[in-house]
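The next block is start.txt, given as compact mmCIF, C-alpha atoms (C1' of nucleotides).
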```txt
# COMPACT_ATOMS: atom_id res chain seq x y z
CA MET A 1058 43.19 178.40 -88.09
CA ALA A 1059 46.12 180.73 -88.63
CA ARG A 1060 47.56 180.42 -92.09
CA THR A 1061 51.13 180.36 -93.27
CA THR A 1062 53.21 183.17 -91.89
CA GLY A 1063 53.06 186.23 -94.12
CA SER A 1064 49.72 185.35 -95.64
CA HIS A 1065 47.70 188.51 -95.39
CA SER A 1066 44.63 187.49 -97.24
CA ASP A 1067 42.78 184.72 -99.01
CA ILE A 1068 41.52 187.13 -101.59
CA THR A 1069 44.73 188.50 -103.02
CA GLY A 1070 43.99 186.65 -106.26
CA PRO A 1071 40.66 188.37 -106.90
CA ARG A 1072 42.15 191.69 -105.84
CA ILE A 1073 44.88 191.31 -108.41
CA ARG A 1074 42.30 190.70 -111.10
CA ASP A 1075 40.19 193.65 -110.00
CA ALA A 1076 43.17 195.97 -110.07
CA ALA A 1077 44.32 194.68 -113.44
CA LEU A 1078 40.83 195.08 -114.90
CA ARG A 1079 40.64 198.69 -113.81
CA LEU A 1080 44.18 199.58 -114.84
CA PHE A 1081 44.06 197.80 -118.20
CA ALA A 1082 40.79 199.54 -119.03
CA ARG A 1083 42.08 202.94 -118.02
CA HIS A 1084 45.57 202.89 -119.51
CA GLY A 1085 45.72 199.87 -121.80
CA TYR A 1086 47.36 196.50 -121.27
CA ALA A 1087 50.73 197.44 -122.72
CA ALA A 1088 50.93 200.67 -120.74
CA VAL A 1089 50.33 199.03 -117.37
CA SER A 1090 53.22 197.48 -115.47
CA MET A 1091 53.16 194.60 -113.04
CA ARG A 1092 54.52 197.03 -110.46
CA GLN A 1093 51.48 199.26 -110.90
CA ILE A 1094 49.11 196.35 -110.41
CA ALA A 1095 51.03 195.20 -107.35
CA GLY A 1096 50.95 198.72 -105.97
CA GLU A 1097 47.17 198.86 -106.25
CA VAL A 1098 46.85 195.55 -104.44
CA GLY A 1099 49.39 196.50 -101.79
CA VAL A 1100 52.02 193.83 -102.46
CA GLN A 1101 55.37 193.73 -104.21
CA ALA A 1102 55.55 192.86 -107.89
CA GLY A 1103 57.10 189.47 -107.31
CA ALA A 1104 54.15 188.36 -105.19
CA LEU A 1105 51.83 188.52 -108.21
CA TYR A 1106 53.55 185.48 -109.64
CA ASN A 1107 52.10 183.33 -106.88
CA TYR A 1108 48.74 183.80 -108.60
CA ILE A 1109 49.44 184.14 -112.29
CA PRO A 1110 52.15 182.66 -114.48
CA ASP A 1111 52.65 185.88 -116.47
CA LYS A 1112 51.07 189.13 -117.54
CA GLN A 1113 49.48 187.72 -120.69
CA SER A 1114 47.61 185.07 -118.68
CA LEU A 1115 46.13 187.81 -116.57
CA LEU A 1116 44.73 189.53 -119.65
CA VAL A 1117 43.38 186.33 -121.15
CA GLU A 1118 41.65 185.34 -117.92
CA LEU A 1119 39.91 188.70 -117.68
CA MET A 1120 38.70 188.52 -121.25
CA ARG A 1121 37.63 184.88 -121.10
CA ASP A 1122 35.73 185.34 -117.85
CA HIS A 1123 33.90 188.31 -119.33
CA MET A 1124 32.93 186.46 -122.49
CA VAL A 1125 31.85 183.33 -120.63
CA GLU A 1126 29.75 185.34 -118.21
CA LEU A 1127 28.19 187.15 -121.17
CA LEU A 1128 27.32 183.90 -122.91
CA GLU A 1129 25.80 182.44 -119.76
CA ALA A 1130 23.69 185.52 -119.16
CA VAL A 1131 22.35 186.25 -122.64
CA PRO A 1132 18.65 185.40 -122.81
CA VAL A 1133 17.81 182.73 -125.39
CA ASP A 1134 14.27 181.52 -125.75
CA ARG A 1135 13.43 180.43 -129.26
CA SER A 1136 9.84 179.76 -128.28
CA ASP A 1137 9.31 183.52 -128.03
CA PRO A 1138 8.44 185.43 -131.18
CA PRO A 1139 11.48 186.96 -132.92
CA LEU A 1140 10.47 190.51 -132.06
CA ALA A 1141 10.31 189.68 -128.35
CA GLN A 1142 13.63 187.86 -128.56
CA LEU A 1143 15.20 190.86 -130.24
CA GLU A 1144 13.89 193.25 -127.64
CA ALA A 1145 15.18 191.04 -124.84
CA PHE A 1146 18.58 190.89 -126.53
CA VAL A 1147 18.84 194.64 -127.00
CA ARG A 1148 17.85 195.46 -123.43
CA PHE A 1149 20.09 192.73 -122.07
CA HIS A 1150 23.12 193.83 -124.08
CA ILE A 1151 22.87 197.45 -122.95
CA GLY A 1152 22.25 196.54 -119.32
CA PHE A 1153 24.93 193.87 -119.09
CA HIS A 1154 27.59 195.96 -120.75
CA HIS A 1155 26.71 199.07 -118.79
CA ALA A 1156 27.37 197.20 -115.55
CA ARG A 1157 30.89 196.18 -116.68
CA PRO A 1158 32.41 199.07 -118.61
CA ASP A 1159 35.99 198.08 -117.81
CA ALA A 1160 35.57 194.49 -118.95
CA VAL A 1161 33.80 195.60 -122.12
CA PHE A 1162 36.55 198.04 -122.92
CA ILE A 1163 39.21 195.41 -122.48
CA ALA A 1164 37.36 192.72 -124.38
CA TYR A 1165 36.98 194.97 -127.42
CA MET A 1166 40.28 196.88 -127.32
CA GLU A 1167 42.94 194.47 -126.18
CA LEU A 1168 42.44 191.77 -128.77
CA ARG A 1169 45.60 192.90 -130.53
CA ASN A 1170 47.65 192.21 -127.43
CA LEU A 1171 46.64 188.56 -127.32
CA GLU A 1172 49.00 185.89 -128.54
CA PRO A 1173 47.54 183.94 -131.49
CA GLY A 1174 46.17 180.98 -129.54
CA ASN A 1175 44.55 183.20 -126.95
CA PHE A 1176 43.13 185.42 -129.65
CA ALA A 1177 41.48 182.47 -131.34
CA GLU A 1178 39.89 181.38 -128.08
CA ILE A 1179 38.39 184.78 -127.33
CA GLU A 1180 37.23 185.29 -130.90
CA GLU A 1181 35.44 181.96 -130.81
CA LEU A 1182 33.51 183.08 -127.75
CA ARG A 1183 32.63 186.38 -129.38
CA GLY A 1184 31.44 184.52 -132.44
CA ARG A 1185 29.08 182.46 -130.30
CA TYR A 1186 27.57 185.60 -128.83
CA GLU A 1187 27.08 187.17 -132.24
CA ALA A 1188 25.46 183.95 -133.40
CA VAL A 1189 22.71 184.42 -130.83
CA LEU A 1190 21.64 187.69 -132.39
CA GLU A 1191 22.14 186.43 -135.93
CA ARG A 1192 19.84 183.49 -135.19
CA ILE A 1193 17.12 185.84 -133.98
CA LEU A 1194 17.39 188.06 -137.05
CA ARG A 1195 17.45 185.08 -139.39
CA ASP A 1196 14.37 183.53 -137.79
CA GLY A 1197 12.54 186.84 -137.94
CA ALA A 1198 13.50 187.37 -141.57
CA GLY A 1199 12.34 183.87 -142.41
CA ALA A 1200 9.02 184.57 -140.72
CA GLY A 1201 8.63 187.79 -142.66
CA VAL A 1202 8.69 189.92 -139.49
CA PHE A 1203 12.07 191.45 -140.25
CA ASP A 1204 13.50 192.86 -143.44
CA VAL A 1205 17.24 192.22 -143.26
CA PRO A 1206 18.85 191.33 -146.58
CA ASP A 1207 22.01 190.11 -144.84
CA PRO A 1208 21.53 188.96 -141.22
CA LYS A 1209 25.27 188.77 -140.65
CA ILE A 1210 25.75 192.44 -141.46
CA ALA A 1211 22.70 193.44 -139.50
CA THR A 1212 24.09 191.54 -136.52
CA LEU A 1213 27.37 193.40 -136.61
CA ALA A 1214 25.62 196.71 -137.15
CA VAL A 1215 23.29 196.25 -134.18
CA ILE A 1216 26.01 195.04 -131.82
CA ALA A 1217 28.31 197.93 -132.75
CA MET A 1218 25.52 200.38 -132.13
CA LEU A 1219 24.58 198.89 -128.77
CA THR A 1220 28.12 198.49 -127.50
CA GLY A 1221 28.80 202.14 -128.23
CA VAL A 1222 26.57 203.02 -125.29
CA THR A 1223 29.27 202.11 -122.80
CA THR A 1224 31.60 204.75 -124.21
CA TRP A 1225 29.39 207.66 -123.21
CA PHE A 1226 26.56 206.58 -120.89
CA ARG A 1227 26.88 207.54 -117.24
CA ALA A 1228 24.05 206.85 -114.81
CA GLU A 1229 24.44 210.28 -113.22
CA GLY A 1230 23.72 211.97 -116.54
CA ARG A 1231 20.64 213.40 -118.12
CA LEU A 1232 19.10 210.03 -118.98
CA SER A 1233 18.39 206.87 -117.04
CA LEU A 1234 19.52 203.47 -118.24
CA GLY A 1235 15.89 202.71 -118.98
CA ASP A 1236 15.60 205.79 -121.19
CA VAL A 1237 18.62 204.71 -123.15
CA GLN A 1238 17.36 201.15 -123.51
CA ASP A 1239 14.01 202.47 -124.70
CA GLN A 1240 15.48 204.69 -127.37
CA TYR A 1241 17.98 202.12 -128.63
CA TRP A 1242 15.29 199.48 -128.74
CA ASP A 1243 13.15 201.85 -130.76
CA MET A 1244 15.95 202.45 -133.26
CA VAL A 1245 16.91 198.79 -133.54
CA ARG A 1246 13.31 197.68 -133.94
CA LYS A 1247 12.61 200.16 -136.72
CA SER A 1248 15.91 199.41 -138.47
CA VAL A 1249 15.09 195.73 -138.96
CA MET A 1250 11.31 195.76 -139.30
CA ALA A 1251 9.72 194.78 -142.57
CA MET B 308 71.41 219.41 -156.51
CA ALA B 309 73.04 216.94 -154.18
CA ARG B 310 71.85 217.35 -150.64
CA THR B 311 73.76 217.20 -147.40
CA THR B 312 75.96 214.18 -147.08
CA GLY B 313 74.09 211.30 -145.54
CA SER B 314 70.66 212.53 -146.54
CA HIS B 315 69.01 209.55 -148.13
CA SER B 316 65.63 210.97 -148.79
CA ASP B 317 63.37 213.99 -148.59
CA ILE B 318 60.47 211.83 -147.55
CA THR B 319 61.75 210.26 -144.40
CA GLY B 320 59.25 212.33 -142.43
CA PRO B 321 56.17 210.93 -144.19
CA ARG B 322 57.65 207.46 -144.06
CA ILE B 323 58.00 207.72 -140.29
CA ARG B 324 54.38 208.70 -140.01
CA ASP B 325 53.26 205.89 -142.31
CA ALA B 326 55.18 203.33 -140.33
CA ALA B 327 53.92 204.68 -137.01
CA LEU B 328 50.34 204.65 -138.27
CA ARG B 329 50.57 201.03 -139.28
CA LEU B 330 52.41 199.88 -136.18
CA PHE B 331 50.26 201.83 -133.71
CA ALA B 332 47.12 200.43 -135.33
CA ARG B 333 48.41 196.88 -135.29
CA HIS B 334 50.01 196.69 -131.85
CA GLY B 335 48.90 199.80 -129.99
CA TYR B 336 50.79 202.98 -129.20
CA ALA B 337 52.21 201.81 -125.89
CA ALA B 338 53.37 198.49 -127.31
CA VAL B 339 55.35 200.01 -130.18
CA SER B 340 58.90 201.23 -129.61
CA MET B 341 60.73 203.98 -131.41
CA ARG B 342 63.23 201.35 -132.46
CA GLN B 343 60.47 199.37 -134.19
CA ILE B 344 59.32 202.44 -136.10
CA ALA B 345 62.89 203.27 -137.09
CA GLY B 346 63.38 199.70 -138.23
CA GLU B 347 60.38 199.91 -140.55
CA VAL B 348 61.67 203.13 -142.05
CA GLY B 349 65.20 201.83 -142.38
CA VAL B 350 66.98 204.28 -140.11
CA GLN B 351 68.33 204.19 -136.59
CA ALA B 352 66.13 205.23 -133.68
CA GLY B 353 68.02 208.44 -133.02
CA ALA B 354 67.31 209.69 -136.54
CA LEU B 355 63.59 209.87 -135.80
CA TYR B 356 64.20 212.83 -133.55
CA ASN B 357 65.19 214.96 -136.53
CA TYR B 358 61.50 214.85 -137.47
CA ILE B 359 59.54 214.65 -134.25
CA PRO B 360 60.24 216.00 -130.78
CA ASP B 361 58.97 212.88 -129.03
CA LYS B 362 56.76 209.82 -129.33
CA GLN B 363 53.62 211.50 -128.02
CA SER B 364 53.82 214.20 -130.71
CA LEU B 365 53.86 211.50 -133.33
CA LEU B 366 50.61 210.06 -132.01
CA VAL B 367 48.93 213.44 -131.71
CA GLU B 368 49.90 214.42 -135.24
CA LEU B 369 48.44 211.24 -136.68
CA MET B 370 45.18 211.70 -134.81
CA ARG B 371 44.87 215.40 -135.55
CA ASP B 372 45.57 214.97 -139.25
CA HIS B 373 42.95 212.24 -139.46
CA MET B 374 40.30 214.31 -137.71
CA VAL B 375 41.05 217.45 -139.72
CA GLU B 376 40.92 215.54 -142.97
CA LEU B 377 37.61 214.02 -141.87
CA LEU B 378 36.13 217.40 -141.06
CA GLU B 379 37.26 218.86 -144.35
CA ALA B 380 35.79 215.98 -146.33
CA VAL B 381 32.41 215.51 -144.67
CA PRO B 382 29.66 216.73 -146.98
CA VAL B 383 27.59 219.56 -145.54
CA ASP B 384 24.82 221.14 -147.59
CA ARG B 385 21.98 222.42 -145.50
CA SER B 386 20.04 223.39 -148.59
CA ASP B 387 19.46 219.70 -149.27
CA PRO B 388 16.52 218.01 -147.58
CA PRO B 389 17.47 216.25 -144.30
CA LEU B 390 16.95 212.80 -145.74
CA ALA B 391 19.39 213.49 -148.58
CA GLN B 392 21.89 215.00 -146.16
CA LEU B 393 21.63 211.93 -143.95
CA GLU B 394 22.17 209.57 -146.85
CA ALA B 395 25.20 211.54 -147.98
CA PHE B 396 26.60 211.44 -144.44
CA VAL B 397 26.11 207.69 -144.06
CA ARG B 398 27.69 206.83 -147.39
CA PHE B 399 30.52 209.27 -146.81
CA HIS B 400 31.29 207.98 -143.32
CA ILE B 401 31.51 204.36 -144.45
CA GLY B 402 33.56 205.18 -147.52
CA PHE B 403 35.96 207.56 -145.82
CA HIS B 404 36.59 205.30 -142.87
CA HIS B 405 36.96 202.21 -145.01
CA ALA B 406 39.82 203.85 -146.89
CA ARG B 407 41.74 204.57 -143.64
CA PRO B 408 41.25 201.64 -141.28
CA ASP B 409 44.50 202.26 -139.42
CA ALA B 410 43.82 205.93 -138.77
CA VAL B 411 40.28 205.12 -137.64
CA PHE B 412 41.52 202.50 -135.25
CA ILE B 413 44.06 204.85 -133.72
CA ALA B 414 41.69 207.81 -133.50
CA TYR B 415 39.17 205.73 -131.59
CA MET B 416 41.44 203.56 -129.46
CA GLU B 417 44.43 205.62 -128.46
CA LEU B 418 42.61 208.49 -126.81
CA ARG B 419 43.67 207.19 -123.41
CA ASN B 420 47.31 207.51 -124.32
CA LEU B 421 47.01 211.23 -125.00
CA GLU B 422 48.21 213.73 -122.46
CA PRO B 423 45.35 215.92 -121.18
CA GLY B 424 45.92 218.89 -123.47
CA ASN B 425 46.22 216.73 -126.54
CA PHE B 426 43.17 214.74 -125.52
CA ALA B 427 41.10 217.92 -125.29
CA GLU B 428 42.20 219.00 -128.75
CA ILE B 429 41.26 215.71 -130.41
CA GLU B 430 37.98 215.47 -128.54
CA GLU B 431 37.03 218.93 -129.70
CA LEU B 432 37.54 217.85 -133.31
CA ARG B 433 35.50 214.73 -132.78
CA GLY B 434 32.74 216.81 -131.24
CA ARG B 435 32.63 218.98 -134.35
CA TYR B 436 32.19 215.94 -136.55
CA GLU B 437 29.41 214.56 -134.39
CA ALA B 438 27.75 217.97 -134.49
CA VAL B 439 27.39 217.65 -138.27
CA LEU B 440 25.24 214.55 -137.93
CA GLU B 441 23.36 215.89 -134.92
CA ARG B 442 22.46 219.01 -136.91
CA ILE B 443 21.03 216.87 -139.70
CA LEU B 444 18.97 214.77 -137.31
CA ARG B 445 17.73 217.82 -135.43
CA ASP B 446 16.68 219.58 -138.63
CA GLY B 447 14.92 216.48 -139.85
CA ALA B 448 13.15 215.99 -136.54
CA GLY B 449 12.04 219.62 -136.56
CA ALA B 450 10.67 219.17 -140.06
CA GLY B 451 8.78 216.07 -139.00
CA VAL B 452 10.71 213.84 -141.38
CA PHE B 453 12.58 212.01 -138.62
CA ASP B 454 11.37 210.59 -135.34
CA VAL B 455 14.32 210.87 -132.95
CA PRO B 456 13.35 211.73 -129.37
CA ASP B 457 16.97 212.58 -128.52
CA PRO B 458 19.14 213.64 -131.47
CA LYS B 459 22.32 213.45 -129.38
CA ILE B 460 21.76 209.78 -128.59
CA ALA B 461 20.73 209.00 -132.14
CA THR B 462 23.92 210.65 -133.36
CA LEU B 463 26.11 208.48 -131.16
CA ALA B 464 24.14 205.37 -132.05
CA VAL B 465 24.45 205.95 -135.79
CA ILE B 466 28.14 206.80 -135.67
CA ALA B 467 28.94 203.75 -133.55
CA MET B 468 27.06 201.55 -135.97
CA LEU B 469 28.76 202.98 -139.04
CA THR B 470 32.25 203.00 -137.61
CA GLY B 471 31.92 199.34 -136.74
CA VAL B 472 32.15 198.55 -140.44
CA THR B 473 35.90 199.12 -140.44
CA THR B 474 36.43 196.31 -137.94
CA TRP B 475 35.17 193.60 -140.26
CA PHE B 476 34.75 194.84 -143.83
CA ARG B 477 37.32 193.73 -146.38
CA ALA B 478 36.93 194.57 -150.03
CA GLU B 479 37.96 191.04 -151.05
CA GLY B 480 35.03 189.60 -149.16
CA ARG B 481 31.57 188.50 -150.11
CA LEU B 482 30.21 192.04 -150.37
CA SER B 483 31.28 195.18 -152.18
CA LEU B 484 31.63 198.50 -150.41
CA GLY B 485 28.52 199.63 -152.26
CA ASP B 486 26.54 196.67 -150.93
CA VAL B 487 27.56 197.55 -147.41
CA GLN B 488 26.75 201.23 -147.86
CA ASP B 489 23.34 200.29 -149.27
CA GLN B 490 22.42 198.03 -146.38
CA TYR B 491 23.68 200.40 -143.69
CA TRP B 492 21.88 203.30 -145.31
CA ASP B 493 18.72 201.21 -145.32
CA MET B 494 19.04 200.44 -141.62
CA VAL B 495 19.91 204.00 -140.63
CA ARG B 496 17.10 205.45 -142.71
CA LYS B 497 14.51 203.16 -141.19
CA SER B 498 15.82 203.66 -137.66
CA VAL B 499 15.26 207.41 -137.70
CA MET B 500 12.24 207.76 -139.99
CA ALA B 501 8.97 209.02 -138.57
C1' DG C 877 52.59 183.97 -99.25
C1' DT C 878 55.31 187.88 -99.30
C1' DC C 879 59.55 189.97 -99.03
C1' DT C 880 64.14 191.93 -100.95
C1' DA C 881 67.30 191.67 -104.42
C1' DT C 882 68.54 190.99 -108.89
C1' DA C 883 69.19 189.06 -113.82
C1' DT C 884 68.31 190.53 -118.27
C1' DT C 885 66.32 193.11 -121.60
C1' DC C 886 64.38 196.97 -123.42
C1' DC C 887 62.69 201.72 -123.22
C1' DG C 888 62.74 207.03 -124.77
C1' DA C 889 65.80 210.32 -125.60
C1' DT C 890 70.44 212.68 -126.22
C1' DA C 891 75.49 213.67 -127.68
C1' DG C 892 78.81 214.11 -130.89
C1' DA C 893 81.26 212.30 -135.08
C1' DC C 894 80.87 212.51 -139.95
C1' DG D 1252 70.49 213.86 -141.86
C1' DT D 1253 72.11 209.71 -140.15
C1' DC D 1254 75.21 207.19 -137.64
C1' DT D 1255 77.19 204.91 -133.23
C1' DA D 1256 77.23 204.94 -128.52
C1' DT D 1257 75.21 205.72 -124.37
C1' DC D 1258 72.53 207.67 -120.28
C1' DG D 1259 69.18 206.78 -116.80
C1' DG D 1260 65.47 204.36 -115.86
C1' DA D 1261 61.88 200.83 -116.01
C1' DA D 1262 60.18 196.54 -117.83
C1' DT D 1263 59.07 191.22 -116.87
C1' DA D 1264 60.26 187.62 -114.42
C1' DT D 1265 63.03 184.78 -111.06
C1' DA D 1266 65.72 183.30 -106.69
C1' DG D 1267 66.09 182.60 -102.11
C1' DA D 1268 65.28 184.28 -97.25
C1' DC D 1269 61.74 184.27 -93.84
```

What is this file in structure tokens?
Amino acid sequence: MARTTGSHSDITGPRIRDAALRLFARHGYAAVSMRQIAGEVGVQAGALYNYIPDKQSLLVELMRDHMVELLEAVPVDRSDPPLAQLEAFVRFHIGFHHARPDAVFIAYMELRNLEPGNFAEIEELRGRYEAVLERILRDGAGAGVFDVPDPKIATLAVIAMLTGVTTWFRAEGRLSLGDVQDQYWDMVRKSVMA
Amino acid sequence: MARTTGSHSDITGPRIRDAALRLFARHGYAAVSMRQIAGEVGVQAGALYNYIPDKQSLLVELMRDHMVELLEAVPVDRSDPPLAQLEAFVRFHIGFHHARPDAVFIAYMELRNLEPGNFAEIEELRGRYEAVLERILRDGAGAGVFDVPDPKIATLAVIAMLTGVTTWFRAEGRLSLGDVQDQYWDMVRKSVMA
DNA sequence: GTCTATATTCCGATAGAC
DNA sequence: GTCTATCGGAATATAGAC
């Protein structure tokens, strides 16, 4: 059962990604060195290249995994009324993003450090997520439940507002996550209602 | 009238700051080298140090100037009714930020690259700007015009929503700045109204 | 699979000539 | 005020031993 000599762990790969996620979020991709990441994991810098081809790939993987997980988790049930769909989306977005502040930070702030092909891939995923909300708003507007002259703008406005929560909300603070979800849902609901 | 031999321009200082603003916004502070900035300006890297003591000072100056300019420009007239004050704030925020997308980007994204003392200074300025909106919402809530259970949260929600405009709005696009201001004002107004 | 050692390039910042 | 040249260090990534 013993593995190759010198193999300390089967989970070095995930540990590299965890360390990179935390460090990239805290200091920014460009400001973090491979040596720093290796130091957090407890290996030498050269050892990282057994798991990733280069630093850029590490960033892309983190961003792609986050976006894919987001797309798989977002609730979509077009048989529900638009208002219920919108409420589910708002509460989901706040809860999901609150649980992954580092990934959120990276996914929104490190786009400029992606090479063109990688950028296009991540942007396509983001576009699919935005389309979920836009669909809800468009359906609701069509049904006369919502009053949104331009669903595309309303989509971007709502997502910007909701994502902002991760920049300040801390569970130890004055308000619970539920409180925050309640108040944001109230504001979003009123902002789009007819 | 001739200046010291070798002096090509009195405005090298501003040109350094312009180049740094653009490059920091595009690639991020940590990813931009002094040599790149010098290249944009048309001087050698060493010449930059006639104008700035170090790279960090350059970043701090850009952020401080942006925040100070913002605070000086934000309309404050507490003799107006809260609803009028809120509308003025919303339209101002979108217009002001739209005219300075690079400075906005830097002021919101490069906070982590500030040394602690500099960070505290910029955060204090940001707090003062947020306090302007919070004051409006609190006054309006007290007067029964607005329904905002927690003015602090509503402040952060509105600012996040408005600032998001700079990430996608382009004047050449489908909508004019006025269209965008109208629709955002409509959403903000509804979201806080009693 | 991890190590040590290193190739190569680039970094921020400084010194001194002009 | 800008130049050339350079210091000291750190960056990404690779090579080869174990």

Practice task
Do me a favour and pick out the residues of chain B within 8 Å of chain C, using all atoms listed in the file, as a ChimeraX atom specification.
Solution key: /B:340-341,353

Mind dumping a table of every chain D residue within 9 Å of chain A, with the nearest atom pair and its distance in Å to one decimal, using all atoms listed in the file, sorted by chain and rising number, as a tab-separated table?
```
residue	atom	partner	partner_atom	distance
D:DA1262	C1'	A:Ser1090	CA	7.4
D:DT1263	C1'	A:Met1091	CA	7.8
D:DA1264	C1'	A:Gly1103	CA	8.0
D:DT1265	C1'	A:Gly1103	CA	8.4
D:DC1269	C1'	A:Thr1062	CA	8.8
```

Could I get the residues of chain B with an atom no further than 7 Å from an atom of chain A, each paired with its nearest atom pair and that distance in Å to one decimal, using only C-alpha atoms, sorted by chain and residue number, as JSON lines?
```
{"residue": "B:Arg333", "atom": "CA", "partner": "A:Arg1169", "partner_atom": "CA", "distance": 6.8}
{"residue": "B:His334", "atom": "CA", "partner": "A:Arg1169", "partner_atom": "CA", "distance": 6.0}
{"residue": "B:Ala337", "atom": "CA", "partner": "A:Ala1088", "partner_atom": "CA", "distance": 5.4}
{"residue": "B:Ala338", "atom": "CA", "partner": "A:Ala1087", "partner_atom": "CA", "distance": 5.4}
{"residue": "B:Arg419", "atom": "CA", "partner": "A:His1084", "partner_atom": "CA", "distance": 6.1}
{"residue": "B:Asn420", "atom": "CA", "partner": "A:His1084", "partner_atom": "CA", "distance": 6.9}
{"residue": "B:Ala464", "atom": "CA", "partner": "A:Met1218", "partner_atom": "CA", "distance": 5.2}
{"residue": "B:Val465", "atom": "CA", "partner": "A:Met1218", "partner_atom": "CA", "distance": 6.8}
{"residue": "B:Ala467", "atom": "CA", "partner": "A:Met1218", "partner_atom": "CA", "distance": 5.0}
{"residue": "B:Met468", "atom": "CA", "partner": "A:Met1218", "partner_atom": "CA", "distance": 4.3}
{"residue": "B:Gly471", "atom": "CA", "partner": "A:Ala1217", "partner_atom": "CA", "distance": 5.6}
{"residue": "B:Met494", "atom": "CA", "partner": "A:Ser1248", "partner_atom": "CA", "distance": 4.6}
{"residue": "B:Val495", "atom": "CA", "partner": "A:Ser1248", "partner_atom": "CA", "distance": 6.5}
{"residue": "B:Lys497", "atom": "CA", "partner": "A:Ser1248", "partner_atom": "CA", "distance": 4.8}
{"residue": "B:Ser498", "atom": "CA", "partner": "A:Ser1248", "partner_atom": "CA", "distance": 4.3}
{"residue": "B:Val499", "atom": "CA", "partner": "A:Met1244", "partner_atom": "CA", "distance": 6.7}
```

Handout entry: Distance in Å - atom CA of B:His373 versus atom CA of B:Arg407
Key =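 Interatomic distance, atom CA of B:His373 to atom CA of B:Arg407: 8.8 Å.
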
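Between atom CA of A:Ala1076 and atom CA of A:Glu1097 lies a distance of 6.2 Å.
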
Show me the residues close to (46.6, 212.5, -134.9) - anything with an atom within 12 Å, counting only C-alpha atoms (C1' of nucleotides) - and format the list as a tab-separated table (two decimals) with C-alpha atoms, in the coordinates of the input.
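The resulting selection_4.tsv:
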```tsv
chain	number	residue	atom	x	y	z
B	324	ARG	CA	54.38	208.70	-140.01
B	325	ASP	CA	53.26	205.89	-142.31
B	327	ALA	CA	53.92	204.68	-137.01
B	328	LEU	CA	50.34	204.65	-138.27
B	331	PHE	CA	50.26	201.83	-133.71
B	336	TYR	CA	50.79	202.98	-129.20
B	362	LYS	CA	56.76	209.82	-129.33
B	363	GLN	CA	53.62	211.50	-128.02
B	364	SER	CA	53.82	214.20	-130.71
B	365	LEU	CA	53.86	211.50	-133.33
B	366	LEU	CA	50.61	210.06	-132.01
B	367	VAL	CA	48.93	213.44	-131.71
B	368	GLU	CA	49.90	214.42	-135.24
B	369	LEU	CA	48.44	211.24	-136.68
B	370	MET	CA	45.18	211.70	-134.81
B	371	ARG	CA	44.87	215.40	-135.55
B	372	ASP	CA	45.57	214.97	-139.25
B	373	HIS	CA	42.95	212.24	-139.46
B	374	MET	CA	40.30	214.31	-137.71
B	375	VAL	CA	41.05	217.45	-139.72
B	376	GLU	CA	40.92	215.54	-142.97
B	377	LEU	CA	37.61	214.02	-141.87
B	409	ASP	CA	44.50	202.26	-139.42
B	410	ALA	CA	43.82	205.93	-138.77
B	411	VAL	CA	40.28	205.12	-137.64
B	412	PHE	CA	41.52	202.50	-135.25
B	413	ILE	CA	44.06	204.85	-133.72
B	414	ALA	CA	41.69	207.81	-133.50
B	415	TYR	CA	39.17	205.73	-131.59
B	416	MET	CA	41.44	203.56	-129.46
B	417	GLU	CA	44.43	205.62	-128.46
B	418	LEU	CA	42.61	208.49	-126.81
B	420	ASN	CA	47.31	207.51	-124.32
B	421	LEU	CA	47.01	211.23	-125.00
B	425	ASN	CA	46.22	216.73	-126.54
B	426	PHE	CA	43.17	214.74	-125.52
B	428	GLU	CA	42.20	219.00	-128.75
B	429	ILE	CA	41.26	215.71	-130.41
B	430	GLU	CA	37.98	215.47	-128.54
B	432	LEU	CA	37.54	217.85	-133.31
B	433	ARG	CA	35.50	214.73	-132.78
```

Practice task
In Å, rounded to a single decimal, give me how far atom CA of B:Phe453 is from atom CA of B:Val383.
Solution key: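 Those two atoms sit 18.2 Å apart.
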
Around all of stretch 1253-1257 of chain D's listed atoms, make the axis-aligned box with 5 Å on each side and tell me centre and edge lengths in Å to one decimal, as JSON.
```
{"center_x": 74.7, "center_y": 207.3, "center_z": -132.3, "size_x": 15.1, "size_y": 14.8, "size_z": 25.8}
```

Practice task
Rank A:Pro1208, A:Leu1190, A:Glu1229, A:Gln1238 by their smallest atom-to-atom distance to A:Arg1135, using only C-alpha atoms, and report the top residue only.
Solution key: A:Leu1190
